[in-house]
Amino acid sequence: MAQPREVIPLDTDWFFHKIGEHGWQAVALPHSFDGYRGPAWYRRTLHLSRVRNGKQHFLEFDGALLVAEAWVNGQSAGRHAGGFSRFRFNITDLLHDGDNEVVVRVDNAPDSGIAPLAGDYTLAGGLYRKVRLVTTGDVHFDMLDYGGPGVYFKPSAIKREHANLAWTVRASNDRARTVRAIVATQLRDAQRNVVASARKTVVLPPRGTVQIELHAALPAPHLWQGIQDPYLYTSEAALSEEGAATSAHADLLSFQAGLRDIRLDPQRGLLLNGTSYQVHGVNVHQTSLPGKGIAATDADIDADYRILSELGVTGLRYAHYQHPQRAYDLSDRAGWLVWTELPLTAAVNGSDAFLANSTQQLRELVRQNSNHPSVMVWGLGNEIYQSDATSARVLDALQKVAHEEDPGRPTAYANCCGPIDGAQASHTDAVGSNVYFGWYDGKFADLGPFLDANHVRRPDTPLAISEYGAGASALQQEDPPQRPQPGGRWHPEQYQALYHEAAWPQLAARPWLWANFIWVGFDFASAGRNEGDTPGFNDKGLVSFDRSVRKDAYFWYQANWTTRPMAYITSRRHALRTQAAAQVKVYSNQPSARLRLNGVDLGERTVTGRIATWQVELAEGANRLQVTAGAAADEVEWIYRPAPAAR
């Protein structure tokens, strides 16, 4: 039987040095630096024994911003350009028994040949994801295939009665002689029973890699059915030398897998296993937190995804780059459908170097994530403002690469500031619109007519809403609110709620949209902004940057997207009142709600469109408001202090 690889985490015992600072600082990974665009250095000692005893050693990085170069014992191990994907260096020939010095230089300075060139988010630097040493035998699955696993599960013709299974396996032989090897794959169900398998004998040339195709069939597959039933199988692959007395040089790989059929229909929206399926959710940047920046742990990511689960999302858009593997795994398990994309934001470069790097990052995105059943589309760009021959060349080339890499998934582009039938929106299989009627321009009611006009202009193209939203500060309260200036310092929480109260019914009334994604799930760092309560942040999140506040709009969507009984009194942070007359507004997914003010029953109201309201008179001093709706309840306290009389 094949043996698992040896994996040594390299998250501790690092020393960090940044240009302009003195000495080296002891750090642990993940680690990031912000407010600085330029090079920095990491180093550590790695102790190993029996380095070349039929083994191959790979230094594996889950991500490093933006360019990473590594040296082992003073010799170059490799260079990687691109800040968001996994990459590996084979360092076997650079190691010796005993202590080995590993040095990594990272540089997040802008580079005209590397995406992204611009964007509405802060590009921090560092070894901000995990690093490890992976040791395999001399015969192993390809470790240098654009950071991918080297084993790719490709089900097809998926129906409830039958599914065709295929595995593409890349097997590598690092010996100086030819090896006859056995490749075996199998699929296990959730009870660990083997339900399908395939096997081949192959000849691996010396110092070479061979690609093998294996096939099987599965009757009556248990389908991955979104949030209703995100059923996962386990795909396993084993690589062994034929006739070997031992399997010391073999390799073993397993990952979760799902069987589902996804189609984007211009008239019916997204079809999951042949049935219309509503994809609604939020855009998310990778988890970033105060004091940590983007150096988030698995526990930090898990906490964010619990917040999203309680919100009731059925899908996510991963803005605007490849996210950590933990995120895709969690979406697989939750049954959420994911739009994941390249970091082509705002600008492109016409150089061959930029196109080559964008192509590399696309191949990395696809190969590292194609095994995830949650991934529904490959995003090729977001709001590229130059609609010209240069951007057309880049997008056309990437469209071709995406279809070569994965013909089974469609591509998408997030269009902004240009017509839906314009040149910029013409390169991908599907198109999303980034629209902010009632925030940057227009009024709330413009959204529906805009969508209908797009549908008429592109009747044969699947359309979605890739972004919509408005800014909000939980520290700024105004009820009722005036329309704020988007670039201003006053973004009252109540206006964001009104924006979404107006937007969601218009989107829900158009089921031909294959997805709707709010901008954005969590407030995030954006160095170019100077608005809201804190410079350097985009505050359109439904949740505050420190995760301490779920804004009113969060509960508006919870009322629309969840079935567990809930009730929420809005404007709860507008707790100090200077007027006795007040409106109490409640979001709920129950048919009716009842309000009490200071113990007095103010009656039951029908919840219409997820909202119930009461007009009340506050007593001077503290006022306790309590609402019940079915099994749900909520309460707040408002203080009424009359405004001083004018003199």
# chains A, B, ... in the order shown; residues from 1 in each chain; ligands from 1
$ residues_around --residues "Glu493 of chain A" --least-positions-apart "6" --cutoff "12 Å" --atoms "only C-alpha atoms" --output "short mmCIF file (atom, residue, chain, number, x, y, z; two decimals) with N, CA and C atoms, in the first residue's frame"
data_model
loop_
_atom_site.label_atom_id
_atom_site.label_comp_id
_atom_site.auth_asym_id
_atom_site.auth_seq_id
_atom_site.Cartn_x
_atom_site.Cartn_y
_atom_site.Cartn_z
N ALA A 470 -23.75 49.82 -0.46
CA ALA A 470 -23.62 51.19 0.02
C ALA A 470 -22.82 51.18 1.31
N GLY A 471 -22.14 52.29 1.58
CA GLY A 471 -21.31 52.39 2.78
C GLY A 471 -22.13 52.60 4.04
N ALA A 472 -21.54 52.23 5.16
CA ALA A 472 -22.23 52.41 6.44
C ALA A 472 -21.24 52.34 7.59
N SER A 473 -21.37 53.27 8.51
CA SER A 473 -20.60 53.24 9.75
C SER A 473 -21.54 52.94 10.91
N ALA A 474 -21.20 51.94 11.70
CA ALA A 474 -22.00 51.64 12.89
C ALA A 474 -21.88 52.74 13.94
N LEU A 475 -20.89 53.63 13.78
CA LEU A 475 -20.71 54.75 14.72
C LEU A 475 -21.51 55.98 14.33
N GLN A 476 -22.08 55.96 13.13
CA GLN A 476 -22.78 57.14 12.61
C GLN A 476 -24.26 56.81 12.44
N GLN A 477 -25.11 57.54 13.17
CA GLN A 477 -26.54 57.23 13.24
C GLN A 477 -27.37 58.45 12.84
N GLU A 478 -28.35 58.21 11.98
CA GLU A 478 -29.25 59.27 11.53
C GLU A 478 -30.55 58.62 11.09
N ASP A 479 -31.65 58.93 11.79
CA ASP A 479 -32.91 58.24 11.53
C ASP A 479 -34.06 59.25 11.56
N PRO A 480 -34.65 59.53 10.38
CA PRO A 480 -34.35 58.98 9.05
C PRO A 480 -33.11 59.63 8.46
N PRO A 481 -32.38 58.92 7.59
CA PRO A 481 -31.13 59.46 7.07
C PRO A 481 -31.34 60.28 5.80
N GLN A 482 -30.49 61.24 5.60
CA GLN A 482 -30.37 61.92 4.32
C GLN A 482 -29.37 61.14 3.45
N ARG A 483 -29.48 61.28 2.16
CA ARG A 483 -28.53 60.58 1.28
C ARG A 483 -27.13 61.16 1.49
N PRO A 484 -26.16 60.31 1.85
CA PRO A 484 -24.81 60.82 2.11
C PRO A 484 -23.98 60.94 0.83
N TYR A 499 -30.95 51.35 1.42
CA TYR A 499 -30.44 50.95 0.10
C TYR A 499 -30.78 49.48 -0.17
N HIS A 500 -30.44 48.63 0.78
CA HIS A 500 -30.65 47.19 0.56
C HIS A 500 -32.13 46.81 0.63
N GLY A 532 -16.13 57.80 5.30
CA GLY A 532 -16.70 57.11 6.44
C GLY A 532 -16.00 57.50 7.73
N ASP A 533 -16.07 56.63 8.73
CA ASP A 533 -15.53 57.02 10.03
C ASP A 533 -14.02 56.83 10.15
N ASP A 539 -16.22 50.78 3.68
CA ASP A 539 -17.16 50.45 4.76
C ASP A 539 -18.50 49.94 4.24
N LYS A 540 -18.50 49.33 3.06
CA LYS A 540 -19.76 48.79 2.53
C LYS A 540 -20.10 47.42 3.11
N GLY A 541 -19.31 46.94 4.03
CA GLY A 541 -19.55 45.63 4.60
C GLY A 541 -20.85 45.55 5.37
N LEU A 542 -21.45 44.36 5.38
CA LEU A 542 -22.58 44.11 6.27
C LEU A 542 -22.10 43.89 7.70
N VAL A 543 -20.79 43.66 7.85
CA VAL A 543 -20.18 43.43 9.16
C VAL A 543 -18.96 44.33 9.27
N SER A 544 -18.72 44.86 10.46
CA SER A 544 -17.59 45.77 10.66
C SER A 544 -16.26 45.05 10.51
N VAL A 549 -19.59 44.21 15.05
CA VAL A 549 -20.93 44.73 14.74
C VAL A 549 -21.44 44.12 13.44
N ARG A 550 -22.60 43.52 13.53
CA ARG A 550 -23.35 43.14 12.33
C ARG A 550 -24.35 44.27 12.09
N LYS A 551 -24.17 44.98 11.02
CA LYS A 551 -24.96 46.18 10.77
C LYS A 551 -26.41 45.81 10.48
N ASP A 552 -27.28 46.82 10.53
CA ASP A 552 -28.71 46.57 10.30
C ASP A 552 -28.96 45.80 9.01
N ALA A 553 -28.24 46.16 7.94
CA ALA A 553 -28.47 45.52 6.65
C ALA A 553 -28.18 44.02 6.69
N TYR A 554 -27.27 43.60 7.56
CA TYR A 554 -27.00 42.17 7.72
C TYR A 554 -28.29 41.45 8.09
N THR A 570 -34.21 47.46 14.29
CA THR A 570 -33.20 48.27 13.60
C THR A 570 -32.91 49.55 14.37
N SER A 571 -31.90 50.29 13.92
CA SER A 571 -31.47 51.55 14.54
C SER A 571 -31.16 51.39 16.02
N ARG A 572 -30.71 50.23 16.40
CA ARG A 572 -30.44 49.96 17.81
C ARG A 572 -29.28 50.78 18.34
N ARG A 573 -28.34 51.16 17.48
CA ARG A 573 -27.21 51.96 17.93
C ARG A 573 -27.54 53.46 17.95
N HIS A 574 -28.70 53.82 17.42
CA HIS A 574 -29.18 55.21 17.56
C HIS A 574 -29.91 55.29 18.90
#
$ residues_around --residues "Ala166 of chain A" --least-positions-apart "4" --cutoff "10 Å" --atoms "only C-alpha atoms" --output "number ranges by chain"
A: 152-156, 185, 197-198, 213-217
$ residues_around --residues "segment 634-641 of chain A" --least-positions-apart "2" --cutoff "8 Å" --atoms "only C-alpha atoms" --output "VMD selection string"
chain A and resid 567 to 569 572 574 to 580 618 to 628 632 643
$ residues_around --residues "Pro221 of chain A" --least-positions-apart "3" --cutoff "7 Å" --atoms "only C-alpha atoms" --output "list in words"
Arg160, Glu161, His162, Ala163 and Leu218 of chain A
$ atom_distance --atom1 "atom CA of Leu595 of chain A" --atom2 "atom CA of Trp614 of chain A"
8.0 Å
$ residues_around --residues "Val51 of chain A" --least-positions-apart "5" --cutoff "9 Å" --atoms "only C-alpha atoms" --output "compact mmCIF listing (two decimals) with C-alpha atoms, in the first residue's frame"
# COMPACT_ATOMS: atom_id res chain seq x y z
CA GLN A 56 12.33 14.59 -2.87
CA HIS A 57 11.88 17.72 -0.77
CA THR A 92 16.31 18.44 -2.77
CA ASP A 93 19.68 19.16 -4.37
CA LEU A 95 19.86 20.43 1.16
CA HIS A 96 22.36 18.58 3.28
CA ASP A 97 22.07 16.55 6.46
CA GLY A 98 21.91 18.73 9.55
$ atom_distance --atom1 "atom CA of Val179 of chain A" --atom2 "atom CA of Gly147 of chain A"
24.2 Å
$ select_by_dssp --residues "segment 314-408 of chain A" --states "alpha helix (DSSP H)" --output "PyMOL selection string"
chain A and resi 325-334+352-369+389-405
$ write_last_selection --atoms "C-alpha atoms" --output "mmCIF file, in the first residue's frame"
data_model
loop_
_atom_site.group_PDB
_atom_site.id
_atom_site.type_symbol
_atom_site.label_atom_id
_atom_site.label_comp_id
_atom_site.auth_asym_id
_atom_site.auth_seq_id
_atom_site.Cartn_x
_atom_site.Cartn_y
_atom_site.Cartn_z
ATOM 1 C CA GLN A 325 -7.660 26.608 0.258
ATOM 2 C CA ARG A 326 -9.434 26.693 3.613
ATOM 3 C CA ALA A 327 -12.068 28.980 2.091
ATOM 4 C CA TYR A 328 -12.836 26.650 -0.831
ATOM 5 C CA ASP A 329 -12.974 23.639 1.505
ATOM 6 C CA LEU A 330 -15.500 25.400 3.727
ATOM 7 C CA SER A 331 -17.666 26.345 0.748
ATOM 8 C CA ASP A 332 -17.569 22.726 -0.455
ATOM 9 C CA ARG A 333 -18.842 21.564 2.927
ATOM 10 C CA ALA A 334 -21.465 24.297 3.284
ATOM 11 C CA ASP A 352 4.034 40.024 -23.203
ATOM 12 C CA ALA A 353 5.307 39.762 -19.627
ATOM 13 C CA PHE A 354 1.964 40.824 -18.169
ATOM 14 C CA LEU A 355 0.018 38.424 -20.367
ATOM 15 C CA ALA A 356 2.394 35.587 -19.489
ATOM 16 C CA ASN A 357 2.015 36.289 -15.779
ATOM 17 C CA SER A 358 -1.773 36.559 -16.037
ATOM 18 C CA THR A 359 -1.845 33.244 -17.894
ATOM 19 C CA GLN A 360 0.334 31.659 -15.217
ATOM 20 C CA GLN A 361 -1.965 32.932 -12.454
ATOM 21 C CA LEU A 362 -5.013 31.616 -14.325
ATOM 22 C CA ARG A 363 -3.481 28.159 -14.720
ATOM 23 C CA GLU A 364 -2.643 28.195 -11.008
ATOM 24 C CA LEU A 365 -6.188 29.252 -10.118
ATOM 25 C CA VAL A 366 -7.765 26.485 -12.182
ATOM 26 C CA ARG A 367 -5.406 23.633 -11.325
ATOM 27 C CA GLN A 368 -5.424 24.397 -7.619
ATOM 28 C CA ASN A 369 -9.215 24.717 -7.412
ATOM 29 C CA ALA A 389 -7.291 46.578 -28.035
ATOM 30 C CA THR A 390 -4.909 45.865 -25.148
ATOM 31 C CA SER A 391 -7.589 44.722 -22.733
ATOM 32 C CA ALA A 392 -9.308 42.788 -25.521
ATOM 33 C CA ARG A 393 -6.094 40.931 -26.314
ATOM 34 C CA VAL A 394 -5.585 39.981 -22.672
ATOM 35 C CA LEU A 395 -9.176 38.910 -22.024
ATOM 36 C CA ASP A 396 -9.445 36.951 -25.278
ATOM 37 C CA ALA A 397 -6.219 35.107 -24.511
ATOM 38 C CA LEU A 398 -7.343 34.279 -20.976
ATOM 39 C CA GLN A 399 -10.731 33.091 -22.207
ATOM 40 C CA LYS A 400 -8.950 30.603 -24.465
ATOM 41 C CA VAL A 401 -6.689 29.403 -21.641
ATOM 42 C CA ALA A 402 -9.633 28.974 -19.255
ATOM 43 C CA HIS A 403 -11.458 26.760 -21.747
ATOM 44 C CA GLU A 404 -8.306 24.744 -22.412
ATOM 45 C CA GLU A 405 -7.808 24.216 -18.699
#
$ closest_residue --among "A:His222, A:Arg260, A:Lys292, A:His31" --to "Gly408 of chain A" --atoms "only C-alpha atoms"
A:Arg260
$ residues_around --residues "Ala445 of chain A" --least-positions-apart "3" --cutoff "10 Å" --atoms "only C-alpha atoms" --output "PyMOL selection string"
chain A and resi 437-438+442+448-450+502-503+506
$ write_last_selection --atoms "N, CA and C atoms" --output "PDB file, in the first residue's frame"
ATOM      1  N   PHE A 437     -26.822  51.943  -7.852  1.00  0.00           N
ATOM      2  CA  PHE A 437     -27.851  52.963  -7.966  1.00  0.00           C
ATOM      3  C   PHE A 437     -28.337  53.382  -6.571  1.00  0.00           C
ATOM      4  N   GLY A 438     -28.320  54.678  -6.349  1.00  0.00           N
ATOM      5  CA  GLY A 438     -28.699  55.199  -5.045  1.00  0.00           C
ATOM      6  C   GLY A 438     -27.517  55.424  -4.131  1.00  0.00           C
ATOM      7  N   GLY A 442     -27.590  57.845  -9.638  1.00  0.00           N
ATOM      8  CA  GLY A 442     -28.957  57.383  -9.815  1.00  0.00           C
ATOM      9  C   GLY A 442     -29.727  57.298  -8.511  1.00  0.00           C
ATOM     10  N   GLY A 448     -33.994  47.993 -11.244  1.00  0.00           N
ATOM     11  CA  GLY A 448     -34.816  47.077 -12.027  1.00  0.00           C
ATOM     12  C   GLY A 448     -34.833  47.393 -13.514  1.00  0.00           C
ATOM     13  N   PRO A 449     -35.120  48.632 -13.904  1.00  0.00           N
ATOM     14  CA  PRO A 449     -35.082  48.977 -15.327  1.00  0.00           C
ATOM     15  C   PRO A 449     -33.714  48.749 -15.970  1.00  0.00           C
ATOM     16  N   PHE A 450     -32.652  49.004 -15.217  1.00  0.00           N
ATOM     17  CA  PHE A 450     -31.306  48.748 -15.721  1.00  0.00           C
ATOM     18  C   PHE A 450     -31.124  47.265 -16.041  1.00  0.00           C
ATOM     19  N   ALA A 502     -34.396  48.487  -0.661  1.00  0.00           N
ATOM     20  CA  ALA A 502     -34.891  48.801  -2.007  1.00  0.00           C
ATOM     21  C   ALA A 502     -34.307  47.869  -3.062  1.00  0.00           C
ATOM     22  N   ALA A 503     -33.042  47.462  -2.892  1.00  0.00           N
ATOM     23  CA  ALA A 503     -32.365  46.694  -3.939  1.00  0.00           C
ATOM     24  C   ALA A 503     -32.823  45.240  -3.991  1.00  0.00           C
ATOM     25  N   GLN A 506     -35.932  44.048  -5.999  1.00  0.00           N
ATOM     26  CA  GLN A 506     -35.768  44.179  -7.443  1.00  0.00           C
ATOM     27  C   GLN A 506     -34.936  43.024  -8.006  1.00  0.00           C
TER      28      GLN A 506
END
$ select_by_dssp --residues "segment 202-288 of chain A" --states "strand (DSSP E)" --output "ChimeraX atom specification"
/A:202-204,208-219,224-225,229-230,233-241,251-257,262-265,269-272,275-276,280-284
$ residues_around --residues "segment 120-122 of chain A" --least-positions-apart "2" --cutoff "12 Å" --atoms "only C-alpha atoms" --output "number ranges by chain"
A: 33-37, 65, 108-110, 116-118, 124-125, 284-286, 288, 293-294, 319-321, 343-347, 382-384, 523-529, 536-539
$ closest_residue --among "A:Tyr436, A:Tyr318, A:Trp378, A:Trp71" --to "Tyr468 of chain A" --atoms "only C-alpha atoms"
A:Tyr436
$ closest_residue --among "A:Gln25, A:Thr562, A:Ser276, A:Thr297" --to "Asp11 of chain A" --atoms "only C-alpha atoms"
A:Thr297
$ closest_residue --among "A:Asn371, A:Ser466, A:Thr287, A:Thr534" --to "Arg317 of chain A" --atoms "only C-alpha atoms"
A:Ser466
$ closest_residue --among "A:Ile307, A:Val520, A:Asp446, A:Asn560" --to "Val282 of chain A" --atoms "only C-alpha atoms"
A:Val520
$ atom_distance --atom1 "atom CA of Leu165 of chain A" --atom2 "atom CA of Gly315 of chain A"
25.6 Å
$ closest_residue --among "A:Trp339, A:Phe84, A:Trp24, A:Tyr385" --to "Val279 of chain A" --atoms "only C-alpha atoms"
A:Trp339
